[in-house]
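Raw model-v3.cif, mmCIF, C-alpha atoms:
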data_input
#
loop_
_atom_site.label_atom_id
_atom_site.label_comp_id
_atom_site.auth_asym_id
_atom_site.auth_seq_id
_atom_site.Cartn_x
_atom_site.Cartn_y
_atom_site.Cartn_z
CA MET A 1 -138.72 -86.28 -28.95
CA HIS A 2 -139.05 -82.54 -29.64
CA HIS A 3 -135.97 -80.36 -29.21
CA PHE A 4 -136.38 -76.66 -28.51
CA HIS A 5 -134.56 -73.91 -30.40
CA PHE A 6 -133.94 -70.41 -29.03
CA LEU A 7 -131.40 -67.59 -29.17
CA ALA A 8 -129.57 -66.51 -26.02
CA GLY A 9 -128.55 -63.14 -27.45
CA GLY A 10 -129.65 -60.64 -30.04
CA ASN A 11 -128.48 -57.73 -32.17
CA THR A 12 -130.85 -55.05 -30.89
CA ALA A 13 -131.41 -51.31 -30.70
CA GLN A 14 -129.47 -51.46 -27.42
CA GLY A 15 -126.52 -53.23 -29.04
CA PHE A 16 -125.80 -56.88 -28.34
CA TYR A 17 -128.25 -58.04 -25.67
CA SER A 18 -127.28 -61.13 -23.69
CA CYS A 19 -129.58 -63.67 -22.05
CA PHE A 20 -126.79 -66.20 -21.56
CA ASP A 21 -127.61 -66.54 -17.86
CA PHE A 22 -130.77 -68.37 -18.95
CA ILE A 23 -129.17 -71.04 -21.17
CA LEU A 24 -129.31 -73.27 -18.11
CA PRO A 25 -130.54 -71.50 -14.95
CA LYS A 26 -128.20 -71.73 -11.95
CA GLU A 27 -130.64 -73.77 -9.85
CA GLN A 28 -130.66 -76.50 -12.53
CA GLN A 29 -126.93 -76.67 -13.17
CA LYS A 30 -124.98 -79.77 -12.24
CA ARG A 31 -122.21 -79.21 -14.79
CA MET A 32 -121.67 -76.13 -16.96
CA TYR A 33 -118.99 -75.99 -19.64
CA TYR A 34 -117.59 -72.60 -20.70
CA ILE A 35 -115.88 -72.82 -24.10
CA LYS A 36 -113.14 -70.33 -24.94
CA GLY A 37 -111.12 -69.75 -28.08
CA GLY A 38 -110.92 -67.53 -31.14
CA PRO A 39 -112.86 -67.89 -34.40
CA GLY A 40 -112.43 -71.18 -36.21
CA VAL A 41 -111.33 -73.29 -33.22
CA GLY A 42 -114.53 -75.37 -33.33
CA LYS A 43 -116.63 -74.02 -30.43
CA SER A 44 -119.97 -74.35 -32.25
CA THR A 45 -119.06 -77.68 -33.85
CA LEU A 46 -118.13 -79.13 -30.47
CA MET A 47 -121.53 -78.12 -29.08
CA LYS A 48 -123.37 -79.50 -32.11
CA ARG A 49 -121.65 -82.89 -31.84
CA PHE A 50 -122.23 -83.05 -28.10
CA ALA A 51 -125.92 -82.29 -28.69
CA ARG A 52 -126.15 -84.92 -31.43
CA ALA A 53 -124.68 -87.53 -29.08
CA ALA A 54 -127.31 -86.57 -26.49
CA GLU A 55 -130.10 -86.86 -29.07
CA ASP A 56 -128.82 -90.32 -30.04
CA LYS A 57 -129.29 -91.32 -26.37
CA GLY A 58 -132.88 -90.09 -26.42
CA LEU A 59 -132.26 -86.95 -24.35
CA GLU A 60 -134.12 -83.66 -24.83
CA VAL A 61 -131.79 -80.91 -26.08
CA GLU A 62 -132.24 -77.15 -26.06
CA TYR A 63 -130.31 -75.41 -28.85
CA PHE A 64 -129.27 -71.75 -28.61
CA HIS A 65 -128.43 -70.30 -32.02
CA CYS A 66 -126.04 -67.43 -32.69
CA SER A 67 -127.67 -64.17 -33.84
CA SER A 68 -124.57 -63.32 -35.92
CA ASP A 69 -124.78 -66.71 -37.69
CA PRO A 70 -127.94 -68.76 -37.02
CA ASP A 71 -126.24 -71.88 -38.40
CA SER A 72 -123.81 -71.72 -35.47
CA LEU A 73 -124.54 -72.29 -31.79
CA ASP A 74 -123.91 -70.12 -28.75
CA GLY A 75 -124.96 -72.88 -26.37
CA VAL A 76 -126.78 -76.15 -25.70
CA SER A 77 -128.44 -77.58 -22.61
CA LEU A 78 -129.62 -81.01 -21.51
CA PRO A 79 -132.27 -80.12 -18.90
CA ALA A 80 -132.78 -83.72 -17.72
CA LEU A 81 -129.08 -84.02 -16.79
CA GLY A 82 -128.54 -80.43 -15.65
CA VAL A 83 -125.68 -80.13 -18.14
CA GLY A 84 -125.06 -77.10 -20.34
CA MET A 85 -122.44 -75.61 -22.64
CA MET A 86 -121.94 -72.04 -23.73
CA ASP A 87 -119.57 -69.96 -25.81
CA GLY A 88 -117.77 -67.81 -23.25
CA THR A 89 -116.03 -65.41 -25.66
CA ALA A 90 -116.86 -61.81 -26.62
CA PRO A 91 -119.36 -60.22 -26.92
CA HIS A 92 -120.84 -62.50 -24.23
CA ILE A 93 -117.85 -63.08 -21.94
CA TYR A 94 -118.53 -65.73 -19.28
CA ASP A 95 -116.17 -67.60 -16.97
CA PRO A 96 -116.61 -70.49 -14.52
CA VAL A 97 -118.20 -69.32 -11.27
CA ILE A 98 -117.50 -72.47 -9.25
CA PRO A 99 -114.50 -73.94 -11.08
CA GLY A 100 -114.19 -77.70 -10.92
CA ALA A 101 -117.03 -78.34 -8.49
CA ARG A 102 -119.70 -77.33 -10.98
CA ASP A 103 -118.12 -75.35 -13.82
CA THR A 104 -115.53 -76.48 -16.34
CA LEU A 105 -113.44 -74.26 -18.60
CA ILE A 106 -112.65 -75.65 -22.06
CA SER A 107 -109.86 -73.62 -23.65
CA LEU A 108 -109.76 -74.65 -27.30
CA GLY A 109 -107.19 -71.93 -27.97
CA ASP A 110 -104.65 -74.19 -26.25
CA PHE A 111 -104.63 -76.33 -29.39
CA LEU A 112 -103.49 -73.50 -31.69
CA ASP A 113 -100.04 -73.24 -33.23
CA GLU A 114 -99.32 -69.76 -31.87
CA LYS A 115 -95.96 -69.45 -33.63
CA ALA A 116 -97.67 -69.91 -37.00
CA LEU A 117 -100.13 -67.12 -36.14
CA LEU A 118 -97.47 -64.57 -35.13
CA PRO A 119 -96.79 -63.26 -38.67
CA HIS A 120 -100.51 -62.49 -39.08
CA VAL A 121 -101.02 -60.31 -35.98
CA ARG A 122 -101.59 -57.06 -37.87
CA ASP A 123 -103.87 -58.69 -40.45
CA ILE A 124 -105.99 -60.25 -37.70
CA GLU A 125 -106.17 -56.97 -35.78
CA LYS A 126 -107.24 -55.10 -38.92
CA VAL A 127 -110.09 -57.52 -39.62
CA GLN A 128 -111.21 -57.43 -35.98
CA LYS A 129 -111.52 -53.64 -36.13
CA GLN A 130 -113.50 -53.86 -39.37
CA ILE A 131 -115.90 -56.35 -37.76
CA SER A 132 -116.42 -54.09 -34.74
CA ALA A 133 -117.16 -51.13 -37.03
CA ARG A 134 -119.81 -53.13 -38.91
CA PHE A 135 -121.58 -54.12 -35.71
CA ALA A 136 -121.49 -50.52 -34.47
CA ARG A 137 -123.19 -49.37 -37.69
CA CYS A 138 -125.78 -52.15 -37.40
CA TYR A 139 -126.70 -51.07 -33.89
CA ARG A 140 -127.06 -47.42 -34.96
CA TYR A 141 -129.51 -48.42 -37.70
CA LEU A 142 -131.54 -50.57 -35.29
CA ALA A 143 -131.59 -47.79 -32.67
CA ALA A 144 -132.83 -45.34 -35.31
CA SER A 145 -135.65 -47.70 -36.30
CA GLU A 146 -136.71 -48.03 -32.67
CA GLN A 147 -136.98 -44.24 -32.43
CA VAL A 148 -139.20 -44.20 -35.53
CA LEU A 149 -141.51 -46.82 -34.00
CA LYS A 150 -141.73 -45.03 -30.66
CA ALA A 151 -142.57 -41.69 -32.27
CA ALA A 152 -146.09 -42.69 -33.28
CA PRO A 153 -147.20 -46.29 -32.63
CA MET A 154 -150.06 -47.54 -34.80
CA ALA A 155 -151.91 -48.85 -31.72
CA VAL A 156 -151.47 -48.69 -27.93
CA GLU A 157 -152.00 -51.54 -25.49
CA ASN A 158 -155.09 -51.01 -23.31
CA ALA A 159 -154.28 -51.87 -19.67
CA SER A 160 -157.79 -52.96 -18.70
CA LYS A 161 -158.13 -55.17 -21.79
CA ALA A 162 -154.73 -56.67 -20.98
CA ARG A 163 -155.81 -57.52 -17.41
CA LYS A 164 -159.05 -59.09 -18.62
CA LEU A 165 -157.36 -61.26 -21.27
CA ALA A 166 -154.50 -62.29 -19.01
CA ASP A 167 -156.79 -63.29 -16.14
CA GLU A 168 -158.93 -65.42 -18.49
CA TRP A 169 -155.88 -67.25 -19.82
CA ILE A 170 -154.29 -67.64 -16.39
CA ALA A 171 -157.45 -69.28 -15.04
CA ALA A 172 -157.14 -71.99 -17.71
CA MET A 173 -153.49 -72.76 -16.90
CA PRO A 174 -152.51 -75.92 -14.98
CA LEU A 175 -152.05 -75.52 -11.24
CA ARG A 176 -148.94 -76.91 -9.56
CA GLY A 177 -147.58 -76.48 -6.07
CA GLY A 178 -144.86 -74.02 -5.15
CA THR A 179 -143.61 -71.03 -7.11
CA GLY A 180 -142.60 -71.14 -10.75
CA THR A 181 -139.60 -69.59 -12.47
CA VAL A 182 -138.97 -67.32 -15.45
CA ARG A 183 -136.33 -67.54 -18.17
CA ARG A 184 -135.71 -64.79 -20.71
CA LEU A 185 -134.56 -65.67 -24.23
CA PHE A 186 -135.23 -64.77 -27.87
CA ALA A 187 -137.31 -66.60 -30.48
CA SER A 188 -135.96 -64.48 -33.34
CA ALA A 189 -133.17 -62.02 -34.06
CA PHE A 190 -131.67 -59.69 -36.63
CA THR A 191 -129.03 -61.75 -38.45
CA PRO A 192 -126.92 -61.63 -41.63
CA ARG A 193 -129.95 -63.22 -43.37
CA GLY A 194 -132.42 -60.64 -42.06
CA GLN A 195 -134.83 -61.26 -39.20
CA VAL A 196 -134.75 -65.01 -38.54
CA THR A 197 -137.04 -67.01 -36.23
CA VAL A 198 -135.62 -70.23 -34.80
CA ALA A 199 -138.32 -71.15 -32.25
CA ASP A 200 -141.12 -73.44 -33.36
CA PHE A 201 -144.46 -73.23 -31.51
CA ALA A 202 -146.22 -75.76 -33.77
CA PRO A 203 -145.48 -78.80 -31.53
CA LEU A 204 -147.05 -77.08 -28.51
CA GLU A 205 -150.58 -78.21 -27.67
CA ARG A 206 -152.16 -74.77 -27.37
CA CYS A 207 -150.95 -71.60 -29.08
CA ILE A 208 -152.99 -68.41 -28.56
CA THR A 209 -151.90 -65.51 -30.76
CA ILE A 210 -153.09 -61.93 -30.61
CA GLU A 211 -152.66 -59.70 -33.63
CA CYS A 212 -150.03 -57.08 -32.85
CA PRO A 213 -150.07 -53.98 -35.09
CA PHE A 214 -146.76 -52.83 -36.57
CA GLY A 215 -144.68 -51.01 -33.95
CA SER A 216 -146.93 -51.96 -31.04
CA TYR A 217 -146.24 -54.28 -28.12
CA ALA A 218 -148.30 -56.48 -25.80
CA THR A 219 -145.78 -56.38 -22.95
CA GLY A 220 -148.36 -55.63 -20.25
CA LEU A 221 -150.38 -58.69 -21.24
CA MET A 222 -147.29 -60.90 -21.46
CA GLN A 223 -145.90 -59.73 -18.11
CA ARG A 224 -149.21 -60.36 -16.34
CA LEU A 225 -149.41 -63.82 -17.94
CA THR A 226 -145.91 -64.60 -16.70
CA GLU A 227 -146.70 -63.51 -13.16
CA GLY A 228 -149.85 -65.63 -13.17
CA ALA A 229 -147.95 -68.67 -14.43
CA VAL A 230 -145.33 -68.28 -11.70
CA ARG A 231 -148.04 -68.04 -9.01
CA ARG A 232 -149.45 -71.33 -10.31
CA GLY A 233 -146.06 -73.01 -9.95
CA LEU A 234 -145.28 -73.09 -13.66
CA HIS A 235 -141.91 -72.56 -15.34
CA ALA A 236 -142.32 -69.90 -18.04
CA ILE A 237 -140.06 -68.54 -20.77
CA GLN A 238 -140.40 -64.93 -21.86
CA LEU A 239 -139.29 -64.48 -25.46
CA LEU A 240 -138.11 -60.92 -25.94
CA ASP A 241 -138.67 -58.62 -28.88
CA PRO A 242 -135.67 -58.79 -31.23
CA LEU A 243 -135.49 -55.01 -31.70
CA SER A 244 -136.50 -53.76 -28.24
CA PRO A 245 -135.58 -56.45 -25.69
CA LYS A 246 -137.38 -54.66 -22.85
CA GLU A 247 -140.58 -55.65 -24.66
CA ILE A 248 -141.96 -59.21 -24.47
CA ALA A 249 -143.06 -60.80 -27.74
CA HIS A 250 -144.24 -64.21 -26.46
CA VAL A 251 -144.58 -66.32 -23.32
CA ILE A 252 -144.32 -70.11 -23.47
CA ILE A 253 -144.68 -72.85 -20.89
CA PRO A 254 -143.01 -75.76 -22.70
CA ALA A 255 -143.61 -78.42 -20.05
CA HIS A 256 -147.36 -77.96 -20.49
CA GLY A 257 -147.42 -77.26 -24.23
CA LEU A 258 -148.65 -73.66 -23.89
CA ALA A 259 -147.73 -70.63 -25.98
CA TYR A 260 -149.08 -67.08 -25.78
CA CYS A 261 -147.88 -65.11 -28.80
CA THR A 262 -148.08 -61.86 -30.71
CA GLY A 263 -147.86 -61.79 -34.48
CA SER A 264 -149.42 -63.86 -37.26
CA ARG A 265 -151.82 -66.78 -37.46
CA GLU A 266 -149.29 -69.20 -38.98
CA ALA A 267 -148.49 -71.43 -35.99
CA SER A 268 -151.54 -70.50 -33.96
CA SER A 269 -154.42 -72.74 -32.95
CA GLU A 270 -156.35 -69.74 -31.56
CA TRP A 271 -156.38 -66.20 -32.92
CA LEU A 272 -157.58 -62.88 -31.52
CA GLU A 273 -157.97 -59.65 -33.46
CA ALA A 274 -155.95 -56.62 -32.34
CA ALA A 275 -159.09 -54.86 -31.04
CA ALA A 276 -159.19 -57.35 -28.13
CA LEU A 277 -156.10 -55.68 -26.66
CA PHE A 278 -155.20 -52.45 -28.46
CA ASP A 279 -156.67 -48.99 -28.86
CA TRP A 280 -155.98 -47.45 -32.26
CA ALA A 281 -153.82 -44.33 -32.15
CA GLY A 282 -155.57 -42.63 -35.07
CA GLU A 283 -152.34 -41.90 -36.96
CA PRO A 284 -153.04 -41.14 -40.66
CA GLU A 285 -152.41 -44.10 -42.95
CA HIS A 286 -149.78 -42.27 -45.01
CA GLU A 287 -147.80 -41.59 -41.80
CA GLN A 288 -148.02 -45.28 -40.82
CA ASN A 289 -146.78 -46.31 -44.28
CA PHE A 290 -143.88 -43.85 -44.10
CA ASP A 291 -142.80 -45.18 -40.70
CA ARG A 292 -143.05 -48.77 -41.87
CA ASN A 293 -140.98 -48.06 -44.98
CA ALA A 294 -138.38 -46.14 -42.95
CA CYS A 295 -138.02 -49.02 -40.49
CA GLU A 296 -137.76 -51.63 -43.19
CA LEU A 297 -135.03 -49.62 -44.93
CA LEU A 298 -133.10 -49.27 -41.66
CA TRP A 299 -133.48 -53.01 -40.97
CA GLN A 300 -132.19 -53.77 -44.46
CA ARG A 301 -129.16 -51.59 -43.80
CA ALA A 302 -128.61 -53.31 -40.43
CA THR A 303 -128.77 -56.70 -42.15
CA GLU A 304 -126.19 -55.58 -44.71
CA GLN A 305 -123.80 -54.65 -41.90
CA LEU A 306 -124.29 -58.04 -40.22
CA ALA A 307 -123.72 -59.84 -43.52
CA ALA A 308 -120.50 -57.88 -44.06
CA ALA A 309 -119.39 -58.70 -40.50
CA LYS A 310 -120.11 -62.38 -41.16
CA GLY A 311 -117.94 -62.29 -44.29
CA LEU A 312 -115.09 -60.69 -42.33
CA HIS A 313 -115.51 -63.24 -39.54
CA ASP A 314 -115.20 -66.07 -42.10
CA GLU A 315 -112.01 -64.43 -43.33
CA LEU A 316 -110.72 -64.30 -39.75
CA GLU A 317 -111.53 -67.98 -39.19
CA ARG A 318 -109.18 -69.01 -41.98
CA PHE A 319 -106.17 -67.79 -39.99
CA TYR A 320 -107.13 -70.08 -37.12
CA VAL A 321 -108.56 -73.22 -38.76
CA GLN A 322 -105.33 -74.03 -40.59
CA ASN A 323 -103.33 -73.72 -37.37
CA MET A 324 -105.59 -75.81 -35.11
CA ASP A 325 -104.83 -79.32 -33.79
CA PHE A 326 -108.20 -81.00 -34.28
CA ASP A 327 -106.97 -84.39 -33.04
CA ARG A 328 -106.62 -82.90 -29.54
CA TRP A 329 -109.98 -81.16 -30.06
CA GLN A 330 -111.61 -84.52 -30.79
CA LYS A 331 -110.20 -86.03 -27.59
CA VAL A 332 -111.78 -83.22 -25.58
CA LEU A 333 -115.16 -83.85 -27.20
CA ASP A 334 -114.92 -87.62 -26.65
CA GLY A 335 -114.07 -87.08 -22.99
CA ILE A 336 -117.06 -84.80 -22.38
CA VAL A 337 -119.48 -87.14 -24.15
CA GLU A 338 -118.19 -90.12 -22.13
CA ARG A 339 -118.43 -88.20 -18.87
CA GLU A 340 -121.88 -86.70 -19.31
CA ILE A 341 -123.78 -89.05 -21.63
CA GLY A 342 -121.86 -92.33 -21.53
#

What's the structure tokens form of this structure?
Amino acid sequence: MHHFHFLAGGNTAQGFYSCFDFILPKEQQKRMYYIKGGPGVGKSTLMKRFARAAEDKGLEVEYFHCSSDPDSLDGVSLPALGVGMMDGTAPHIYDPVIPGARDTLISLGDFLDEKALLPHVRDIEKVQKQISARFARCYRYLAASEQVLKAAPMAVENASKARKLADEWIAAMPLRGGTGTVRRLFASAFTPRGQVTVADFAPLERCITIECPFGSYATGLMQRLTEGAVRRGLHAIQLLDPLSPKEIAHVIIPAHGLAYCTGSREASSEWLEAAALFDWAGEPEHEQNFDRNACELLWQRATEQLAAAKGLHDELERFYVQNMDFDRWQKVLDGIVEREIG
């Protein structure tokens, strides 16, 4: 069984951008777990082990990776059961909406030896401030790169070409009754390792990709595709641009194996040249090269800030890990697995 991988948040030109509401849409939720606790208390590990137990039972799992550390998780969902988990701590603070009846709070911080942490208050506060400063610098670099891209795009989306393409692709979509839904997530993000893509379109049956020139967006096409899918009763996922989350990079309809993408040929079964959608802006080549180099330098600087923040976060975790009661943590995990998966 294929398991989907996304990101529910991103480090963008607008700062941290959250799509956590779409980890498991409200209308699908039967039980939602909100996990609280500082660094090093095992939030991501708990979600990973819960997901592994679900996989062992043959259930489909959706994984939501952390943009500040793609090896960690911000959430998981089991769509067939209507069960989800998410990290409810900053910068994406979430709390139970219907406590008990639908939503459950898991406070892993309850298992900390607070007395042992008291002598380290100032050290912890110092590292927290350093982490915040690194993220602030990262977001300034990303915002600057967005301004460079907007100043003179290499190509501009043609509205009439977008309508024509979208209507052709919509006509070939499956037709179901009722009205579909839309989720908004990320396929890739700026991370301590650079720009990382976690989504995999290869297992989908049909992947149509249109070449998207550097600094240009196909948001009109992707929005029209989404609206058409919803009219046909399909459940679509818009995957947002990692730099400018108001732009849409891809649209997928996982239940029917469909992906409509911008970018490269790599995972694409069908490919269209940029001329099918874009009008060229006529910017001199040396100007395009300057803008590209400027953006890549700014992205490198943003990555360096995220990597430094990750190192500081690891340092912060050490204060907590050594003062955590993981036997009680394990009992919590065992109880959730027994309750939800059996």

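Nearest to A:Pro284 of all the residues A:Lys126, A:Ala152, A:Asp113, A:Val251 is A:Ala152, based on all atoms listed in the file.
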
Atom CA of A:Phe16 to atom CA of A:Gly38 measures 18.5 Å

Write out as a list in words each polymer residue whose atoms come within 7 Å of A:Ala309, counting all atoms listed in the file; drop sequence neighbours fewer than 5 positions from it. Ile131, Arg134 and Phe135 of chain A

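Each of A:Thr181, A:Asn289, A:Asn323, A:Thr262 was checked against A:Pro39 using only C-alpha atoms; the smallest atom-to-atom distance is that of A:Asn323.
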
*Could you give me, as number ranges by chain, the residues that sit within 6 Å of (-156.1, -60.4, -34.9) in the file's coordinates, counting all atoms listed in the file?*
A: 210-211, 272-274

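Between atom CA of A:Phe214 and atom CA of A:Val182 lies a distance of 26.8 Å.
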
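One distance worth recording is that between atom CA of A:Gln29 and atom CA of A:Gly84, which is 7.4 Å.
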
Review point. Which residues fall under the PyMOL selection byres ((chain A and resi 34) around 7) in this file, as a PyMOL selection string?
Key: chain A and resi 32-33+35-36+85-88+95-96+104-106

Selection in question (the file shown): the PyMOL selection byres ((chain A and resi 132) around 12). Which residues does it include, as a compact mmCIF listing (two decimals) with C-alpha atoms, keeping the file's coordinate frame?
# COMPACT_ATOMS: atom_id res chain seq x y z
CA GLY A 15 -126.52 -53.23 -29.04
CA PHE A 16 -125.80 -56.88 -28.34
CA ALA A 90 -116.86 -61.81 -26.62
CA PRO A 91 -119.36 -60.22 -26.92
CA GLU A 125 -106.17 -56.97 -35.78
CA LYS A 126 -107.24 -55.10 -38.92
CA VAL A 127 -110.09 -57.52 -39.62
CA GLN A 128 -111.21 -57.43 -35.98
CA LYS A 129 -111.52 -53.64 -36.13
CA GLN A 130 -113.50 -53.86 -39.37
CA ILE A 131 -115.90 -56.35 -37.76
CA ALA A 133 -117.16 -51.13 -37.03
CA ARG A 134 -119.81 -53.13 -38.91
CA PHE A 135 -121.58 -54.12 -35.71
CA ALA A 136 -121.49 -50.52 -34.47
CA ARG A 137 -123.19 -49.37 -37.69
CA CYS A 138 -125.78 -52.15 -37.40
CA TYR A 139 -126.70 -51.07 -33.89
CA GLN A 305 -123.80 -54.65 -41.90
CA LEU A 306 -124.29 -58.04 -40.22
CA ALA A 308 -120.50 -57.88 -44.06
CA ALA A 309 -119.39 -58.70 -40.50
CA LYS A 310 -120.11 -62.38 -41.16
CA LEU A 312 -115.09 -60.69 -42.33
CA HIS A 313 -115.51 -63.24 -39.54
